[in-house]
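Participant: Encoded as structure tokens, here's the structure I'll be asking about.
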Amino acid sequence: MPTKPRGASAQETLTRDHKRLLYRNLVRAMTLDRMMMRIIRAGKMVGFYHEGGIALAPGVAAGTFLRRDDAMNPHYRAHGIAHMIAKGVDIQSYVAEHMGRVDGCAKGRSSFHVSYPEDHIFGWSANIGANFPPCIGYGFAARYRSTDQVVMNCSGDGSYQEGRAHEALLMTANWHLPVIFWCENNGIAQSSALSDLFPIADISRLAAGYGIPALMVDGQDLLACGEAALAAIAHARAGKGPIFVELKTLRSQEHNVGGLNNEGAHTRDPALMQKWRDTRDPLTLATARLLKDQVLTEAEVADLQLEADREAAAIEVHCEASPKATPSIDELMAGVYAP
Ligand SMILES: Cc1ncc(C[n+]2csc(CCOP(=O)(O)OP(=O)(O)O)c2C)c(N)n1
């Protein structure tokens, strides 16, 4: 059993349909992540991009089993593509936004600082840790209104250096709020190794200090991530308060493309990153497992990849055809709040 519970009682089992859905979402997420890399390298993207690479299984699992009315803060890696595809967001408007087109979800004005209120995805920012205070509010609102909504609060290990993270752990625990702390721990925060930033290797051990139960899973194992998501959602939805899930994953490329820390500035050994790509790719691992367990056939695997390739190609064509955003000053100011 890849999921190692620590104080968390909820255990859920994935059905055959769950496994097929997780797999399809991972194929789509990894295919669209590669498309985003093609677009930025072709100079067609506004702003920059943080490639997901082989770290997208946690994001897929985080979104796949949520209801539309559950709140989610996606992790910024791959700009939340995995999380949002899995939750059911119209990803075409997201790609158009990155390309500065009028069909974008914010009419091409925001790069990756977006929100999808109708999907209960609250706006997120490049400010690491900014997600924590709103997740307390969403959790409080769910409890105050006596709904069974949950809050999926995704972020990396780097965010847990922020005081706001610890305030959120304390307040959600104290008030028994339905918040899932989904920590995608890739062992590095931009260019700083986890071992230089934390006295402990397992971030989920922080949860015990706040009386919050925790799970720790292999983030390269899609099914383990899926089981953890089911268990965490069941826990929060049942009114048992917050839960912490740490997913140990891998960043097999540099921090971002298009910004200061762009390609060519190596912070990790390129040979090690290649080794991870060769041996720890979550899609390769999930394909082998699901074929062996006869959950999928070779023909279905090929069809799902073809479907994802077609989806990516259609999105790219649509976004290229969408007019470039050239907002007037009045339009630009319309969405700005200044006290
Ligand atoms: C408040 C704040 N401090 C610093 C930064 C610069 N910064 C951008 S990404 C990042 C690392 C975040 O770490 P993690 O969430 O683990 O993401 P990873 O790099 O592993 O994808 C930092 C420090 C920032 N964006 N916001």
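By convention in this document, the chains of the structure tokens carry letters A, B, ... by their order, each chain's residues are numbered from 1, and ligands are numbered from 1 in the order they are shown.
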Just asking: which residues within range 130-216 of chain A are helix (DSSP H, G or I) according to DSSP, as a PyMOL selection string?

Facilitator: chain A and resi 132-144+157-161+163-174+194-197+205-208

Participant: Any idea what's packed within 9 Å of Lys87 in chain A, counting only C-alpha atoms, ignoring anything in its chain fewer than 2 positions away? Could you give it as number ranges by chain?

Facilitator: A: 60, 62-68, 72, 82-85, 89, 119

Participant: Take the selection from the previous step and output its residues with N, CA and C atoms, as an mmCIF file, in the first residue's frame.

Facilitator:
```cif
data_model
loop_
_atom_site.group_PDB
_atom_site.id
_atom_site.type_symbol
_atom_site.label_atom_id
_atom_site.label_comp_id
_atom_site.auth_asym_id
_atom_site.auth_seq_id
_atom_site.Cartn_x
_atom_site.Cartn_y
_atom_site.Cartn_z
ATOM 1 N N VAL A 60 -3.182 16.232 -10.818
ATOM 2 C CA VAL A 60 -4.300 15.491 -11.418
ATOM 3 C C VAL A 60 -5.173 14.894 -10.316
ATOM 4 N N ALA A 62 -5.437 15.838 -7.227
ATOM 5 C CA ALA A 62 -6.077 16.877 -6.406
ATOM 6 C C ALA A 62 -7.405 17.314 -7.007
ATOM 7 N N GLY A 63 -7.469 17.393 -8.347
ATOM 8 C CA GLY A 63 -8.677 17.929 -8.976
ATOM 9 C C GLY A 63 -9.719 16.894 -9.348
ATOM 10 N N THR A 64 -9.298 15.660 -9.600
ATOM 11 C CA THR A 64 -10.193 14.672 -10.224
ATOM 12 C C THR A 64 -11.446 14.374 -9.408
ATOM 13 N N PHE A 65 -11.342 14.346 -8.092
ATOM 14 C CA PHE A 65 -12.498 13.900 -7.288
ATOM 15 C C PHE A 65 -13.224 15.051 -6.572
ATOM 16 N N LEU A 66 -12.863 16.286 -6.920
ATOM 17 C CA LEU A 66 -13.561 17.417 -6.304
ATOM 18 C C LEU A 66 -14.880 17.663 -7.019
ATOM 19 N N ARG A 67 -15.843 18.220 -6.290
ATOM 20 C CA ARG A 67 -17.068 18.705 -6.929
ATOM 21 C C ARG A 67 -16.788 20.114 -7.465
ATOM 22 N N ARG A 68 -17.655 20.538 -8.367
ATOM 23 C CA ARG A 68 -17.456 21.880 -8.929
ATOM 24 C C ARG A 68 -17.535 22.950 -7.843
ATOM 25 N N MET A 72 -10.753 25.455 -4.813
ATOM 26 C CA MET A 72 -9.402 24.912 -5.029
ATOM 27 C C MET A 72 -8.431 26.049 -5.333
ATOM 28 N N ALA A 82 -2.717 20.764 -14.527
ATOM 29 C CA ALA A 82 -3.168 19.431 -14.111
ATOM 30 C C ALA A 82 -4.378 19.538 -13.181
ATOM 31 N N HIS A 83 -4.272 20.445 -12.203
ATOM 32 C CA HIS A 83 -5.357 20.605 -11.220
ATOM 33 C C HIS A 83 -6.645 21.037 -11.913
ATOM 34 N N MET A 84 -6.502 21.982 -12.833
ATOM 35 C CA MET A 84 -7.696 22.595 -13.425
ATOM 36 C C MET A 84 -8.346 21.700 -14.471
ATOM 37 N N ILE A 85 -7.534 21.016 -15.278
ATOM 38 C CA ILE A 85 -8.111 20.057 -16.236
ATOM 39 C C ILE A 85 -8.939 19.037 -15.464
ATOM 40 N N VAL A 89 -12.114 22.646 -15.655
ATOM 41 C CA VAL A 89 -12.059 24.031 -16.147
ATOM 42 C C VAL A 89 -11.894 24.045 -17.674
ATOM 43 N N ASP A 119 -15.937 28.031 -11.239
ATOM 44 C CA ASP A 119 -15.411 26.700 -10.887
ATOM 45 C C ASP A 119 -14.843 26.679 -9.473
#
```

Participant: List as a list in words the protein and nucleic acid residues lying within 8 Å of ligand 1, with only C-alpha atoms and all ligand atoms counted.

Facilitator: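 So, counting only C-alpha atoms and all ligand atoms, the residues near ligand 1 are His50, His75, Tyr76, Arg77, Ala126, Asn127, Ile128, Gly129, Ala130, Ser155, Gly156, Asp157, Gly158, Ser159, Tyr160, Glu162, Glu184, Asn185, Asn186, Gly187, Ile188, Ala189, Gln190, Ser191, Ser192, Arg251 and His255 of chain A.
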
Participant: With only C-alpha atoms as the counted atoms, please give the residues lying no more than 10 Å from range 207-219 of chain A, apart from itself and same-chain residues fewer than 3 positions off, as a PyMOL selection string.

Facilitator: chain A and resi 1-10+54-59+61+166+169-174+176+180-186+202-204+222-229+231-232+235+240-250+280+282

Participant: Range 223-314 of chain A: which residues are strand (DSSP E) by DSSP, as a list of chain:residue names?

Facilitator: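 Residues of range 223-314 of chain A classed as strand (DSSP E): A:Ile243, A:Phe244, A:Val245, A:Glu246, A:Leu247, A:Lys248.
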
Participant: Extract, using only C-alpha atoms, all DNA, RNA and protein residues at most 8 Å from Asn131 in chain A, discarding same-chain residues fewer than 6 positions from it, and format them as a PyMOL selection string.

Facilitator: chain A and resi 73+124-125+153

Participant: Residues at most 12 Å from range 316-331 of chain A, counting only C-alpha atoms, excluding those fewer than 4 positions away in the same chain, as a VMD selection string?

Facilitator: chain A and resid 32 34 to 40 44 to 46 91 to 111 309 to 312 335 to 336

Participant: Take the residues from that selection and put them in a file with C-alpha atoms, as a PDB file, in the first residue's frame.

Facilitator:
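This is the output file again12.pdb:
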```pdb
ATOM      1  CA  LEU A  32      -0.853  20.228 -22.528  1.00  0.00           C
ATOM      2  CA  ARG A  34       4.414  20.001 -23.392  1.00  0.00           C
ATOM      3  CA  MET A  35       2.245  22.210 -25.609  1.00  0.00           C
ATOM      4  CA  MET A  36       2.770  25.160 -23.248  1.00  0.00           C
ATOM      5  CA  MET A  37       6.531  24.597 -23.461  1.00  0.00           C
ATOM      6  CA  ARG A  38       6.342  24.598 -27.279  1.00  0.00           C
ATOM      7  CA  ILE A  39       4.337  27.832 -27.224  1.00  0.00           C
ATOM      8  CA  ILE A  40       6.699  29.703 -24.928  1.00  0.00           C
ATOM      9  CA  LYS A  44       4.050  33.060 -28.452  1.00  0.00           C
ATOM     10  CA  MET A  45       3.411  33.362 -24.727  1.00  0.00           C
ATOM     11  CA  VAL A  46       3.061  36.513 -22.645  1.00  0.00           C
ATOM     12  CA  ILE A  91      -8.523  25.091 -20.345  1.00  0.00           C
ATOM     13  CA  GLN A  92      -8.703  26.724 -23.797  1.00  0.00           C
ATOM     14  CA  SER A  93      -9.484  30.098 -22.199  1.00  0.00           C
ATOM     15  CA  TYR A  94      -6.490  29.583 -19.915  1.00  0.00           C
ATOM     16  CA  VAL A  95      -4.090  28.948 -22.793  1.00  0.00           C
ATOM     17  CA  ALA A  96      -5.538  31.964 -24.657  1.00  0.00           C
ATOM     18  CA  GLU A  97      -4.897  34.049 -21.539  1.00  0.00           C
ATOM     19  CA  HIS A  98      -1.247  32.988 -21.542  1.00  0.00           C
ATOM     20  CA  MET A  99      -1.012  34.038 -25.179  1.00  0.00           C
ATOM     21  CA  GLY A 100      -2.509  37.480 -24.458  1.00  0.00           C
ATOM     22  CA  ARG A 101      -5.617  36.847 -26.588  1.00  0.00           C
ATOM     23  CA  VAL A 102      -9.110  38.294 -26.174  1.00  0.00           C
ATOM     24  CA  ASP A 103     -10.536  34.775 -25.733  1.00  0.00           C
ATOM     25  CA  GLY A 104      -8.534  34.446 -22.523  1.00  0.00           C
ATOM     26  CA  CYS A 105     -10.338  34.051 -19.213  1.00  0.00           C
ATOM     27  CA  ALA A 106      -9.275  37.616 -18.243  1.00  0.00           C
ATOM     28  CA  LYS A 107      -9.436  38.905 -21.831  1.00  0.00           C
ATOM     29  CA  GLY A 108      -5.685  38.402 -22.274  1.00  0.00           C
ATOM     30  CA  ARG A 109      -4.617  40.847 -19.556  1.00  0.00           C
ATOM     31  CA  SER A 110      -3.269  38.661 -16.799  1.00  0.00           C
ATOM     32  CA  SER A 111      -0.699  36.090 -18.003  1.00  0.00           C
ATOM     33  CA  ASP A 309      -2.767  15.290 -28.886  1.00  0.00           C
ATOM     34  CA  ARG A 310      -5.876  16.322 -30.815  1.00  0.00           C
ATOM     35  CA  GLU A 311      -7.155  18.378 -27.867  1.00  0.00           C
ATOM     36  CA  ALA A 312      -3.816  20.220 -27.585  1.00  0.00           C
ATOM     37  CA  GLY A 335     -10.622  45.329 -12.986  1.00  0.00           C
ATOM     38  CA  VAL A 336      -8.208  47.129 -10.653  1.00  0.00           C
TER      39      VAL A 336
END
```

Participant: Would you mind listing what lies within 12 Å of Arg143 in chain A as a list in words, with only C-alpha atoms counted and same-chain residues fewer than 2 positions away left out?

Facilitator: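 The filter keeps Ile136, Gly137, Tyr138, Gly139, Phe140, Ala141, Arg145, Ser146, Thr147, Asp148, Gln149, Val150, Val151, Thr172, Trp175, His176, Leu177, Pro178, Val179, Ala236, Arg237, Ala238, Gly239, Lys240, Gly241 and Pro242 of chain A.
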
Participant: Can you spit out the residues from that selection as a PDB file, in the first residue's frame, using C-alpha atoms?

Facilitator:
```pdb
ATOM      1  CA  ILE A 136      -9.082  29.785   5.774  1.00  0.00           C
ATOM      2  CA  GLY A 137     -11.914  32.045   4.576  1.00  0.00           C
ATOM      3  CA  TYR A 138     -13.299  29.474   2.132  1.00  0.00           C
ATOM      4  CA  GLY A 139     -13.182  26.816   4.825  1.00  0.00           C
ATOM      5  CA  PHE A 140     -14.840  29.135   7.333  1.00  0.00           C
ATOM      6  CA  ALA A 141     -17.585  30.033   4.810  1.00  0.00           C
ATOM      7  CA  ARG A 145     -23.125  28.023   5.877  1.00  0.00           C
ATOM      8  CA  SER A 146     -23.325  24.378   6.961  1.00  0.00           C
ATOM      9  CA  THR A 147     -22.421  23.065   3.493  1.00  0.00           C
ATOM     10  CA  ASP A 148     -20.248  20.008   2.927  1.00  0.00           C
ATOM     11  CA  GLN A 149     -17.906  21.828   0.537  1.00  0.00           C
ATOM     12  CA  VAL A 150     -14.177  21.220   0.957  1.00  0.00           C
ATOM     13  CA  VAL A 151     -11.157  23.377   0.155  1.00  0.00           C
ATOM     14  CA  THR A 172      -8.170  25.643  10.355  1.00  0.00           C
ATOM     15  CA  TRP A 175     -11.984  25.835  13.954  1.00  0.00           C
ATOM     16  CA  HIS A 176     -12.229  22.331  12.388  1.00  0.00           C
ATOM     17  CA  LEU A 177     -12.406  23.760   8.880  1.00  0.00           C
ATOM     18  CA  PRO A 178     -12.691  21.426   5.846  1.00  0.00           C
ATOM     19  CA  VAL A 179      -9.325  22.351   4.350  1.00  0.00           C
ATOM     20  CA  ALA A 236     -12.827  16.956   5.146  1.00  0.00           C
ATOM     21  CA  ARG A 237     -16.347  16.403   3.789  1.00  0.00           C
ATOM     22  CA  ALA A 238     -17.288  14.356   6.840  1.00  0.00           C
ATOM     23  CA  GLY A 239     -16.641  17.396   9.059  1.00  0.00           C
ATOM     24  CA  LYS A 240     -13.480  15.964  10.635  1.00  0.00           C
ATOM     25  CA  GLY A 241     -11.508  19.188  10.120  1.00  0.00           C
ATOM     26  CA  PRO A 242      -8.337  19.805   8.116  1.00  0.00           C
TER      27      PRO A 242
END
```

Participant: Please measure the separation of CA of Ala313 in chain A and CA of Arg28 in chain A, giving the value in Å to one decimal.

Facilitator: 11.7 Å

Participant: Please compute the CA of Phe198 in chain A-CA of Met152 in chain A distance, one decimal, in Å.

Facilitator: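 Atom-to-atom, CA of Phe198 in chain A and CA of Met152 in chain A are spaced 23.7 Å apart.
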
Participant: Kindly give the distance, in Å, that separates CA of Asn256 in chain A and CA of Gly88 in chain A, rounded to a single decimal.

Facilitator: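 Atom-to-atom, CA of Asn256 in chain A and CA of Gly88 in chain A are spaced 25.3 Å apart.
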